[in-house]
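Reproduced below: upload_27.pdb, with PDB, C-alpha atoms.
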```pdb
ATOM      1  CA  MET A   1      10.430  -7.249  17.950
ATOM      2  CA  ARG A   2      10.373  -7.408  14.149
ATOM      3  CA  ALA A   3       7.480  -5.975  12.151
ATOM      4  CA  ARG A   4       6.923  -5.051   8.508
ATOM      5  CA  ILE A   5       4.433  -2.880   6.696
ATOM      6  CA  ARG A   6       1.025  -4.609   6.350
ATOM      7  CA  ASP A   7       1.452  -6.264   9.794
ATOM      8  CA  PHE A   8      -1.009  -5.084  12.451
ATOM      9  CA  LEU A   9      -0.576  -4.879  16.217
ATOM     10  CA  GLN A  10      -2.837  -4.698  19.256
ATOM     11  CA  THR A  11      -1.900  -2.782  22.406
ATOM     12  CA  VAL A  12      -2.711  -3.522  26.027
ATOM     13  CA  ASP A  13      -5.496  -0.923  25.674
ATOM     14  CA  GLY A  14      -7.085  -2.982  22.908
ATOM     15  CA  TRP A  15      -6.205  -0.435  20.218
ATOM     16  CA  ILE A  16      -5.303  -1.846  16.792
ATOM     17  CA  PHE A  17      -2.604  -0.238  14.640
ATOM     18  CA  ALA A  18      -1.366  -0.885  11.090
ATOM     19  CA  VAL A  19       2.434  -1.091  10.831
ATOM     20  CA  VAL A  20       3.729   1.445   8.288
ATOM     21  CA  ASP A  21       7.518   1.041   8.299
ATOM     22  CA  TYR A  22      10.285  -1.563   8.272
ATOM     23  CA  HIS A  23      12.449   0.253  10.813
ATOM     24  CA  HIS A  24      11.477   0.779  14.456
ATOM     25  CA  PRO A  25      14.276   2.420  16.461
ATOM     26  CA  GLU A  26      12.033   3.772  19.243
ATOM     27  CA  GLY A  27       8.951   1.538  19.038
ATOM     28  CA  ILE A  28       6.751   0.129  16.279
ATOM     29  CA  ARG A  29       6.025   2.814  13.674
ATOM     30  CA  SER A  30       2.359   2.489  12.800
ATOM     31  CA  MET A  31      -1.031   4.185  12.376
ATOM     32  CA  LEU A  32      -4.014   3.741  14.681
ATOM     33  CA  ARG A  33      -6.929   2.138  12.833
ATOM     34  CA  TYR A  34      -9.448   0.669  15.332
ATOM     35  CA  VAL A  35     -10.414   1.362  18.947
ATOM     36  CA  PRO A  36     -12.930  -0.410  21.236
ATOM     37  CA  ASP A  37     -16.297   1.355  21.294
ATOM     38  CA  PRO A  38     -19.614  -0.018  22.675
ATOM     39  CA  ASP A  39     -21.349   1.659  19.726
ATOM     40  CA  GLY A  40     -18.817   0.497  17.147
ATOM     41  CA  GLU A  41     -19.981  -1.007  13.871
ATOM     42  CA  ARG A  42     -17.516  -3.944  13.837
ATOM     43  CA  THR A  43     -17.021  -6.833  16.257
ATOM     44  CA  THR A  44     -14.255  -9.329  16.989
ATOM     45  CA  GLY A  45     -13.807 -11.575  20.006
ATOM     46  CA  GLY A  46     -17.013 -10.211  21.488
ATOM     47  CA  VAL A  47     -15.636  -6.633  21.489
ATOM     48  CA  ARG A  48     -17.134  -3.852  19.372
ATOM     49  CA  TYR A  49     -14.739  -1.528  17.527
ATOM     50  CA  ARG A  50     -14.959   1.611  15.463
ATOM     51  CA  LYS A  51     -12.633   2.506  12.624
ATOM     52  CA  LEU A  52     -10.723   5.786  12.727
ATOM     53  CA  ASP A  53      -9.711   7.760   9.656
ATOM     54  CA  PHE A  54      -6.409   9.638   9.488
ATOM     55  CA  GLU A  55      -7.483  12.820  11.281
ATOM     56  CA  MET A  56      -9.625  11.003  13.835
ATOM     57  CA  ALA A  57      -6.685   8.774  14.783
ATOM     58  CA  TYR A  58      -4.442  11.748  15.525
ATOM     59  CA  GLU A  59      -7.218  13.483  17.461
ATOM     60  CA  PHE A  60      -7.813  10.335  19.542
ATOM     61  CA  LEU A  61      -4.132   9.924  20.403
ATOM     62  CA  ARG A  62      -3.609  13.589  21.176
ATOM     63  CA  ARG A  63      -6.264  13.110  23.839
ATOM     64  CA  GLU A  64      -5.392   9.607  25.094
ATOM     65  CA  LYS A  65      -1.684   8.952  24.370
ATOM     66  CA  PRO A  66       0.073  12.056  23.021
ATOM     67  CA  GLU A  67       3.437  10.411  23.641
ATOM     68  CA  TYR A  68       2.660   8.014  20.766
ATOM     69  CA  ILE A  69       2.591  10.830  18.209
ATOM     70  CA  GLN A  70       5.669  11.568  16.121
ATOM     71  CA  ASP A  71       5.607  11.904  12.316
ATOM     72  CA  VAL A  72       3.525   8.696  12.519
ATOM     73  CA  HIS A  73       2.304   6.792  15.591
ATOM     74  CA  VAL A  74       5.079   5.045  17.518
ATOM     75  CA  VAL A  75       3.980   2.331  19.942
ATOM     76  CA  PRO A  76       6.486   1.258  22.652
ATOM     77  CA  GLU A  77       7.187  -2.471  22.572
ATOM     78  CA  GLU A  78       6.103  -2.856  26.194
ATOM     79  CA  ASP A  79       2.604  -1.659  25.245
ATOM     80  CA  ILE A  80       2.135  -4.306  22.519
ATOM     81  CA  LEU A  81      -0.067  -7.265  23.355
ATOM     82  CA  ARG A  82       0.262  -9.071  20.011
ATOM     83  CA  ILE A  83       1.359  -8.660  16.401
ATOM     84  CA  TYR A  84      -0.880  -9.933  13.599
ATOM     85  CA  ARG A  85       1.265 -11.551  10.897
ATOM     86  CA  PRO A  86      -0.437 -11.643   7.466
ATOM     87  CA  GLU A  87       1.386 -14.800   6.373
ATOM     88  CA  LYS A  88       0.487 -16.631   9.610
ATOM     89  CA  GLU A  89      -3.210 -15.751   9.541
ATOM     90  CA  LEU A  90      -3.782 -16.467   5.835
ATOM     91  CA  PRO A  91      -4.359 -20.268   6.064
ATOM     92  CA  LYS A  92      -7.181 -19.819   8.595
ATOM     93  CA  VAL A  93      -8.775 -17.022   6.567
ATOM     94  CA  ALA A  94      -8.522 -18.960   3.286
ATOM     95  CA  GLU A  95     -10.220 -21.949   4.911
ATOM     96  CA  ARG A  96     -13.279 -19.969   5.998
ATOM     97  CA  ASP A  97     -13.444 -17.453   3.123
ATOM     98  CA  ASP A  98     -13.856 -18.951  -0.365
ATOM     99  CA  ARG A  99     -12.922 -15.668  -2.053
ATOM    100  CA  VAL A 100      -9.539 -15.536  -0.338
ATOM    101  CA  GLY A 101      -9.122 -19.258  -0.959
ATOM    102  CA  GLU A 102      -9.669 -18.686  -4.687
ATOM    103  CA  ILE A 103      -6.859 -16.100  -4.848
ATOM    104  CA  VAL A 104      -4.569 -18.470  -2.954
ATOM    105  CA  SER A 105      -5.399 -21.284  -5.405
ATOM    106  CA  VAL A 106      -4.692 -19.149  -8.479
ATOM    107  CA  LEU A 107      -1.291 -18.146  -7.135
ATOM    108  CA  LYS A 108      -0.296 -21.583  -5.788
ATOM    109  CA  GLU A 109      -1.172 -23.212  -9.120
ATOM    110  CA  GLY A 110       1.162 -20.700 -10.764
ATOM    111  CA  GLY A 111       4.069 -21.540  -8.462
ATOM    112  CA  VAL A 112       3.869 -18.872  -5.741
ATOM    113  CA  PRO A 113       4.588 -20.525  -2.360
ATOM    114  CA  GLN A 114       1.763 -19.998   0.127
ATOM    115  CA  GLU A 115       4.237 -18.926   2.799
ATOM    116  CA  MET A 116       5.008 -15.897   0.596
ATOM    117  CA  MET A 117       1.354 -14.778   0.674
ATOM    118  CA  GLY A 118      -0.611 -12.957   3.347
ATOM    119  CA  ILE A 119      -3.899 -11.278   4.189
ATOM    120  CA  THR A 120      -4.001  -7.810   5.727
ATOM    121  CA  GLY A 121      -6.443  -4.973   6.442
ATOM    122  CA  SER A 122      -9.674  -5.536   8.323
ATOM    123  CA  ILE A 123      -9.759  -9.251   7.473
ATOM    124  CA  LEU A 124      -6.403  -9.822   9.193
ATOM    125  CA  VAL A 125      -7.725  -8.562  12.533
ATOM    126  CA  GLY A 126     -11.206 -10.084  12.190
ATOM    127  CA  LEU A 127     -12.999  -6.763  11.762
ATOM    128  CA  ASP A 128     -14.205  -7.210   8.201
ATOM    129  CA  GLY A 129     -17.831  -7.045   7.160
ATOM    130  CA  PRO A 130     -19.888  -8.127   4.126
ATOM    131  CA  ALA A 131     -18.838  -5.024   2.177
ATOM    132  CA  SER A 132     -15.130  -5.182   3.066
ATOM    133  CA  ASP A 133     -12.529  -5.273   0.321
ATOM    134  CA  ILE A 134      -9.784  -7.900   0.321
ATOM    135  CA  ASP A 135      -6.238  -6.669   0.968
ATOM    136  CA  PHE A 136      -4.109  -9.571  -0.260
ATOM    137  CA  LEU A 137      -0.339  -9.374  -0.213
ATOM    138  CA  VAL A 138       2.639 -11.228  -1.595
ATOM    139  CA  TYR A 139       6.136 -10.867  -0.199
ATOM    140  CA  GLY A 140       9.278  -9.954  -2.082
ATOM    141  CA  ARG A 141      10.241 -11.165  -5.517
ATOM    142  CA  ASP A 142       7.227 -13.475  -5.817
ATOM    143  CA  TRP A 143       4.967 -10.395  -6.059
ATOM    144  CA  TRP A 144       5.780  -9.832  -9.723
ATOM    145  CA  ARG A 145       4.924 -13.413 -10.623
ATOM    146  CA  ALA A 146       1.696 -13.132  -8.604
ATOM    147  CA  ARG A 147       0.723  -9.973 -10.484
ATOM    148  CA  ASP A 148       1.204 -11.756 -13.820
ATOM    149  CA  LEU A 149      -0.845 -14.745 -12.626
ATOM    150  CA  ILE A 150      -3.733 -12.485 -11.619
ATOM    151  CA  GLU A 151      -3.704 -10.878 -15.057
ATOM    152  CA  ARG A 152      -3.618 -14.292 -16.760
ATOM    153  CA  ALA A 153      -6.549 -15.504 -14.655
ATOM    154  CA  LYS A 154      -8.599 -12.514 -15.824
ATOM    155  CA  GLU A 155      -7.947 -13.411 -19.451
ATOM    156  CA  GLU A 156      -8.215 -17.199 -19.347
ATOM    157  CA  ASP A 157     -10.898 -18.596 -17.067
ATOM    158  CA  GLY A 158     -12.771 -15.793 -15.331
ATOM    159  CA  ARG A 159     -11.829 -16.900 -11.821
ATOM    160  CA  ILE A 160     -10.558 -13.362 -11.405
ATOM    161  CA  ARG A 161     -12.360 -10.529 -13.207
ATOM    162  CA  ASP A 162     -11.265  -7.047 -14.171
ATOM    163  CA  LEU A 163     -12.909  -4.038 -12.560
ATOM    164  CA  ASP A 164     -16.005  -2.550 -14.116
ATOM    165  CA  GLU A 165     -16.328   1.149 -14.933
ATOM    166  CA  ALA A 166     -18.391   1.872 -11.822
ATOM    167  CA  THR A 167     -15.621   0.504  -9.612
ATOM    168  CA  TRP A 168     -12.994   2.549 -11.450
ATOM    169  CA  ASP A 169     -15.150   5.639 -10.864
ATOM    170  CA  LYS A 170     -15.339   4.839  -7.155
ATOM    171  CA  ILE A 171     -11.562   4.392  -6.874
ATOM    172  CA  TYR A 172     -10.860   7.600  -8.792
ATOM    173  CA  GLN A 173     -13.223   9.614  -6.609
ATOM    174  CA  LYS A 174     -11.665   8.148  -3.468
ATOM    175  CA  ARG A 175      -8.103   8.874  -4.565
ATOM    176  CA  VAL A 176      -8.768  12.426  -5.869
ATOM    177  CA  PRO A 177      -5.564  12.378  -7.969
ATOM    178  CA  GLU A 178      -4.042  15.325  -9.822
ATOM    179  CA  ILE A 179      -4.479  13.555 -13.167
ATOM    180  CA  SER A 180      -7.592  12.999 -15.266
ATOM    181  CA  ARG A 181      -9.781   9.919 -14.868
ATOM    182  CA  ASP A 182      -8.659   8.588 -18.256
ATOM    183  CA  GLU A 183      -4.987   8.938 -17.358
ATOM    184  CA  PHE A 184      -5.600   7.433 -13.931
ATOM    185  CA  VAL A 185      -7.399   4.353 -15.277
ATOM    186  CA  LEU A 186      -4.818   3.900 -18.059
ATOM    187  CA  HIS A 187      -2.014   3.690 -15.489
ATOM    188  CA  GLU A 188      -4.048   1.555 -13.084
ATOM    189  CA  ARG A 189      -5.074  -1.044 -15.674
ATOM    190  CA  ARG A 190      -1.431  -1.457 -16.668
ATOM    191  CA  LYS A 191      -0.408  -2.086 -13.027
ATOM    192  CA  GLY A 192      -2.508  -5.273 -12.942
ATOM    193  CA  ASN A 193      -2.763  -5.433  -9.141
ATOM    194  CA  ARG A 194      -6.519  -4.981  -8.751
ATOM    195  CA  GLY A 195      -9.350  -7.354  -9.501
ATOM    196  CA  LEU A 196     -12.702  -8.824  -8.554
ATOM    197  CA  VAL A 197     -13.167 -12.254  -7.003
ATOM    198  CA  ASP A 198     -16.796 -13.353  -6.628
ATOM    199  CA  ALA A 199     -17.788  -9.677  -7.139
ATOM    200  CA  THR A 200     -15.513  -8.527  -4.265
ATOM    201  CA  TYR A 201     -12.812  -5.958  -4.957
ATOM    202  CA  PHE A 202      -9.244  -6.865  -3.988
ATOM    203  CA  ASP A 203      -5.795  -5.275  -4.073
ATOM    204  CA  LEU A 204      -2.604  -7.260  -4.576
ATOM    205  CA  LEU A 205      -0.180  -5.513  -2.209
ATOM    206  CA  PHE A 206       3.606  -5.728  -1.905
ATOM    207  CA  THR A 207       5.765  -6.140   1.209
ATOM    208  CA  ARG A 208       9.514  -6.671   1.177
ATOM    209  CA  ASP A 209      10.890 -10.062   2.105
ATOM    210  CA  TRP A 210      13.175  -9.899   5.133
ATOM    211  CA  ASP A 211      16.356 -10.069   3.031
ATOM    212  CA  GLN A 212      15.240  -7.070   0.956
ATOM    213  CA  ILE A 213      15.003  -4.676   3.887
ATOM    214  CA  ARG A 214      17.770  -2.076   3.710
ATOM    215  CA  PRO A 215      18.847   0.696   6.125
ATOM    216  CA  PRO A 216      16.322   3.522   6.359
ATOM    217  CA  PHE A 217      16.417   6.368   3.854
ATOM    218  CA  PRO A 218      18.709   9.170   5.070
ATOM    219  CA  PRO A 219      16.922  12.193   6.498
ATOM    220  CA  GLY A 220      16.393  15.107   4.129
ATOM    221  CA  LYS A 221      15.900  18.835   4.277
ATOM    222  CA  LYS A 222      13.009  20.227   2.273
ATOM    223  CA  ALA A 223      14.130  22.489  -0.555
ATOM    224  CA  GLY A 224      10.887  23.501  -2.242
ATOM    225  CA  ARG A 225       8.451  22.061  -4.751
ATOM    226  CA  ARG A 226       9.670  21.027  -8.179
ATOM    227  CA  ARG A 227       8.385  19.428 -11.392
ATOM    228  CA  ILE A 228      10.811  17.245 -13.311
ATOM    229  CA  GLU A 229      11.078  14.910 -16.278
ATOM    230  CA  GLY A 230      13.396  11.929 -16.221
ATOM    231  CA  ARG A 231      13.826   8.294 -17.207
ATOM    232  CA  VAL A 232      13.195   5.419 -14.802
ATOM    233  CA  ILE A 233      16.279   3.234 -14.348
ATOM    234  CA  GLU A 234      15.051   0.844 -11.629
ATOM    235  CA  ALA A 235      11.584   0.173 -10.190
ATOM    236  CA  GLU A 236      11.988  -3.073  -8.208
ATOM    237  CA  PHE A 237      10.252  -1.462  -5.225
ATOM    238  CA  ALA A 238       7.723   0.611  -7.168
ATOM    239  CA  PHE A 239       4.840  -1.067  -5.290
ATOM    240  CA  ASP A 240       6.396  -0.726  -1.837
ATOM    241  CA  ASN A 241       5.568   1.963   0.726
ATOM    242  CA  PRO A 242       7.231   4.254  -0.051
ATOM    243  CA  ALA A 243       7.384   3.313  -3.694
ATOM    244  CA  VAL A 244      10.939   3.814  -4.938
ATOM    245  CA  TYR A 245      11.968   4.866  -8.447
ATOM    246  CA  GLU A 246      15.616   5.311  -9.390
ATOM    247  CA  ILE A 247      15.781   7.831 -12.221
ATOM    248  CA  ASP A 248      18.192   9.307 -14.736
ATOM    249  CA  HIS A 249      18.094  13.065 -14.147
ATOM    250  CA  ASP A 250      20.696  15.806 -13.852
ATOM    251  CA  ASP A 251      19.937  16.560 -10.175
ATOM    252  CA  ILE A 252      17.432  14.030  -8.797
ATOM    253  CA  SER A 253      18.564  10.418  -8.382
ATOM    254  CA  GLU A 254      15.405   8.881  -6.934
ATOM    255  CA  ILE A 255      11.733   9.452  -6.237
ATOM    256  CA  LEU A 256      10.100   8.300  -3.006
ATOM    257  CA  CYS A 257       6.325   8.051  -3.311
ATOM    258  CA  TYR A 258       4.238   7.859  -0.123
ATOM    259  CA  THR A 259       0.826   7.653  -1.777
ATOM    260  CA  HIS A 260      -0.659   4.406  -3.093
ATOM    261  CA  THR A 261      -2.070   6.376  -6.028
ATOM    262  CA  TYR A 262       1.297   6.569  -7.794
ATOM    263  CA  ALA A 263       2.823   3.263  -6.696
ATOM    264  CA  GLY A 264       3.759   1.172  -9.728
ATOM    265  CA  GLN A 265       3.116   4.156 -11.983
ATOM    266  CA  ALA A 266       6.103   3.681 -14.324
ATOM    267  CA  LEU A 267       8.387   0.918 -15.608
ATOM    268  CA  PRO A 268      12.157   0.883 -16.165
ATOM    269  CA  GLY A 269      13.085   2.689 -19.362
ATOM    270  CA  GLU A 270      10.018   4.930 -19.346
ATOM    271  CA  ARG A 271      10.108   8.726 -19.313
ATOM    272  CA  ILE A 272       8.122  10.279 -16.509
ATOM    273  CA  ASP A 273       6.679  13.627 -15.497
ATOM    274  CA  ALA A 274       6.702  14.040 -11.708
ATOM    275  CA  CYS A 275       5.926  16.844  -9.299
ATOM    276  CA  GLY A 276       6.671  16.833  -5.572
ATOM    277  CA  VAL A 277       8.933  18.242  -2.866
ATOM    278  CA  VAL A 278      12.718  18.165  -3.248
ATOM    279  CA  GLU A 279      14.689  16.921  -0.249
ATOM    280  CA  GLU A 280      18.416  17.484   0.147
ATOM    281  CA  THR A 281      20.320  14.615   1.778
ATOM    282  CA  GLU A 282      23.963  13.741   2.354
ATOM    283  CA  GLU A 283      23.668  11.430  -0.671
ATOM    284  CA  GLY A 284      22.163  14.046  -2.988
ATOM    285  CA  GLU A 285      18.688  15.279  -3.887
ATOM    286  CA  ARG A 286      15.520  13.231  -4.142
ATOM    287  CA  LEU A 287      11.933  14.051  -5.028
ATOM    288  CA  VAL A 288       9.170  13.107  -2.588
ATOM    289  CA  VAL A 289       5.626  12.587  -3.885
ATOM    290  CA  GLY A 290       2.788  12.211  -1.392
ATOM    291  CA  THR A 291       3.853  14.774   1.205
ATOM    292  CA  SER A 292       0.214  15.331   2.203
ATOM    293  CA  ARG A 293      -2.713  12.986   2.759
ATOM    294  CA  GLU A 294      -4.290  13.803  -0.627
ATOM    295  CA  ALA A 295      -0.957  14.465  -2.414
ATOM    296  CA  THR A 296      -2.358  17.802  -3.556
ATOM    297  CA  GLY A 297      -0.338  19.272  -6.419
ATOM    298  CA  GLU A 298       1.856  16.146  -6.667
ATOM    299  CA  TRP A 299       1.882  13.335  -9.215
ATOM    300  CA  ILE A 300       3.822  10.817 -11.295
ATOM    301  CA  ARG A 301       2.857  10.238 -14.933
ATOM    302  CA  SER A 302       4.443   7.849 -17.416
ATOM    303  CA  LEU A 303       4.943   9.975 -20.527
ATOM    304  CA  THR A 304       5.907   6.847 -22.442
ATOM    305  CA  LEU A 305       2.596   5.170 -21.579
ATOM    306  CA  LEU A 306       0.595   8.309 -22.384
ATOM    307  CA  GLU A 307       2.286   8.758 -25.753
ATOM    308  CA  LYS A 308       1.516   5.169 -26.726
ATOM    309  CA  ALA A 309      -2.133   5.616 -25.767
ATOM    310  CA  SER A 310      -2.579   9.208 -27.030
ATOM    311  CA  PRO A 311      -4.999   8.369 -29.871
ATOM    312  CA  LYS A 312      -7.325   6.692 -27.331
ATOM    313  CA  LEU A 313      -7.275   9.458 -24.700
TER     314      LEU A 313
END
```
Output the file's structure as structure tokens, nothing else.
Amino acid sequence: MRARIRDFLQTVDGWIFAVVDYHHPEGIRSMLRYVPDPDGERTTGGVRYRKLDFEMAYEFLRREKPEYIQDVHVVPEEDILRIYRPEKELPKVAERDDRVGEIVSVLKEGGVPQEMMGITGSILVGLDGPASDIDFLVYGRDWWRARDLIERAKEEDGRIRDLDEATWDKIYQKRVPEISRDEFVLHERRKGNRGLVDATYFDLLFTRDWDQIRPPFPPGKKAGRRRIEGRVIEAEFAFDNPAVYEIDHDDISEILCYTHTYAGQALPGERIDACGVVEETEEGERLVVGTSREATGEWIRSLTLLEKASPKL
């Protein structure tokens, strides 16, 4: 049973999980997001659901299915009723939702094949509401072209608009990063993967194409917190989960980033300042950023970007 990050699944109990990994040796690695509840605020297929945050999901499973809990939630294949595929559900969603249809049109007109696009999040599983954001994704190498097309649409015809200051404030307060608001927004604007369509906020998310999936990262042993400076060599998967940065540094060869806050934070050739937890592996040392839910005391900053913008900050 193949599944990628951004897919969702439903169990025989009616619970809905978001897939969070590409590799599933013991069951589908995921996180519980929605459970049936007669008093729930969202409805699909005549069933009411409530959404669970990170801590609530673990509390629920500790009570109901403790065997699902590992470092993430691992659902046995025999307990899975269906898998929601973002690329399969997109055509139906785009037909009934003009906002999603507009994003599809912008990307198709620019040469991105529709089969390389998908819709995820609450919309994928039919549990979105009027205030729901749009989690739009593009697979593999076409993501970079899609990002450029979104930026061009903001500049040329207004079909896609940039975020206003109030929305940036909301995102900053939600993320609670270890960098200032000005630094945060400077990095985020450069990423180009957020926008507004018909006044609705959307994220352009990345998922690897099947041929880009590699063996899992080797296990590591924690060796303490460390702050480093280095130069980014490769950032092809900087918007993946985890985001991956290959760096030029005396000891650390790569950074794995498990928080969306610092995905896409730096480009190849840029000098960075990063703080996280060092892990020792058979292949050498790596730095892990996002070792806690809020990534407290951890960050990635592009020193090159900050130096270029220093008069404005």
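Straight-line separation from atom CA of Phe54 of chain A to atom CA of Arg189 of chain A: 27.4 Å.
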Any chance you could work out the residue set of the PyMOL selection byres ((chain A and resi 15-22) around 10) here, as a VMD selection string? chain A and resid 2 to 14 23 to 25 28 to 36 49 51 57 72 to 75 80 to 84 120 to 122 125 207 to 208 210 213 to 216 241 to 242
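Coordinates place atom CA of Phe217 of chain A at a distance of 24.0 Å from atom CA of Glu67 of chain A.
Here the PyMOL selection byres ((chain A and resi 274-278) around 6) matches the residues Lys222, Ala223, Gly224, Arg225, Arg226, Arg227, Ile228, Asp273, Glu279, Arg286, Leu287, Val288, Val289, Glu298, Trp299 and Ile300 of chain A.
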For a quick check of understanding, using only C-alpha atoms, which of A:Gly290, A:Pro66, A:Pro86, A:Gly46 has the smallest distance to Asp135 of chain A? A:Pro86
Quick one: residues within 10 Å of Lys88 of chain A, all atoms listed in the file, excluding same-chain residues fewer than 5 positions away - as a VMD selection string? chain A and resid 93 115 117 to 119 124
Choose the residue, out of A:Gly269, A:Asp209, A:Thr259, A:Arg161, that has the smallest atom-to-atom separation from Glu234 of chain A; count only C-alpha atoms. A:Gly269
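We find atom CA of Ser105 of chain A and atom CA of Arg145 of chain A to be spaced 14.0 Å apart.
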I'd like the neighbourhood of Glu229 of chain A as a VMD selection string, where a residue qualifies if any of its atoms comes within 10 Å (using all atoms listed in the file), though same-chain residues fewer than 6 positions away should be ignored. chain A and resid 247 to 250 252 271 to 275 300 to 303
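Take the candidates A:Asp142, A:Glu283, A:Glu246, A:Asp157 and check each one against Lys108 of chain A using only C-alpha atoms; the shortest distance goes to A:Asp142.
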Cut-off 8 Å around (4.4, 0.8, -6.8) with only C-alpha atoms: residues as a list in words: Ala235, Phe237, Ala238, Phe239, Asp240, Asn241, Ala243, Val244, His260, Tyr262, Ala263, Gly264 and Gln265 of chain A
Could you list the residues chosen by the PyMOL selection byres ((chain A and resi 205) around 6) in this structure as a ChimeraX atom specification? /A:136-137,203-204,206
Report as a CSV table (one decimal) with C-alpha atoms, in the coordinates of the input all protein, DNA and RNA residues lying within 12 Å of Gly110 of chain A, evaluated on all atoms listed in the file, omitting residues in the same chain fewer than 4 positions from it.
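Printed below is out11.csv as written:
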```
chain,number,residue,atom,x,y,z
A,103,ILE,CA,-6.9,-16.1,-4.8
A,104,VAL,CA,-4.6,-18.5,-3.0
A,105,SER,CA,-5.4,-21.3,-5.4
A,106,VAL,CA,-4.7,-19.1,-8.5
A,114,GLN,CA,1.8,-20.0,0.1
A,142,ASP,CA,7.2,-13.5,-5.8
A,143,TRP,CA,5.0,-10.4,-6.1
A,144,TRP,CA,5.8,-9.8,-9.7
A,145,ARG,CA,4.9,-13.4,-10.6
A,146,ALA,CA,1.7,-13.1,-8.6
A,147,ARG,CA,0.7,-10.0,-10.5
A,148,ASP,CA,1.2,-11.8,-13.8
A,149,LEU,CA,-0.8,-14.7,-12.6
A,150,ILE,CA,-3.7,-12.5,-11.6
A,151,GLU,CA,-3.7,-10.9,-15.1
A,152,ARG,CA,-3.6,-14.3,-16.8
A,153,ALA,CA,-6.5,-15.5,-14.7
```
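Of the residues under consideration (A:Glu95, A:Asp128, A:Glu64, A:Glu102), A:Asp128 shows the shortest atom-to-atom contact distance to Arg50 of chain A when counting all atoms listed in the file.
Considering the residues A:Val232, A:Val138, A:Thr291, A:Glu89 and counting only C-alpha atoms, Cys257 of chain A has its shortest atom-to-atom contact with A:Thr291.
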Within 6 Å of (7.2, -15.2, -2.8), only C-alpha atoms: residues as a ChimeraX atom specification? /A:112-113,116,139-142
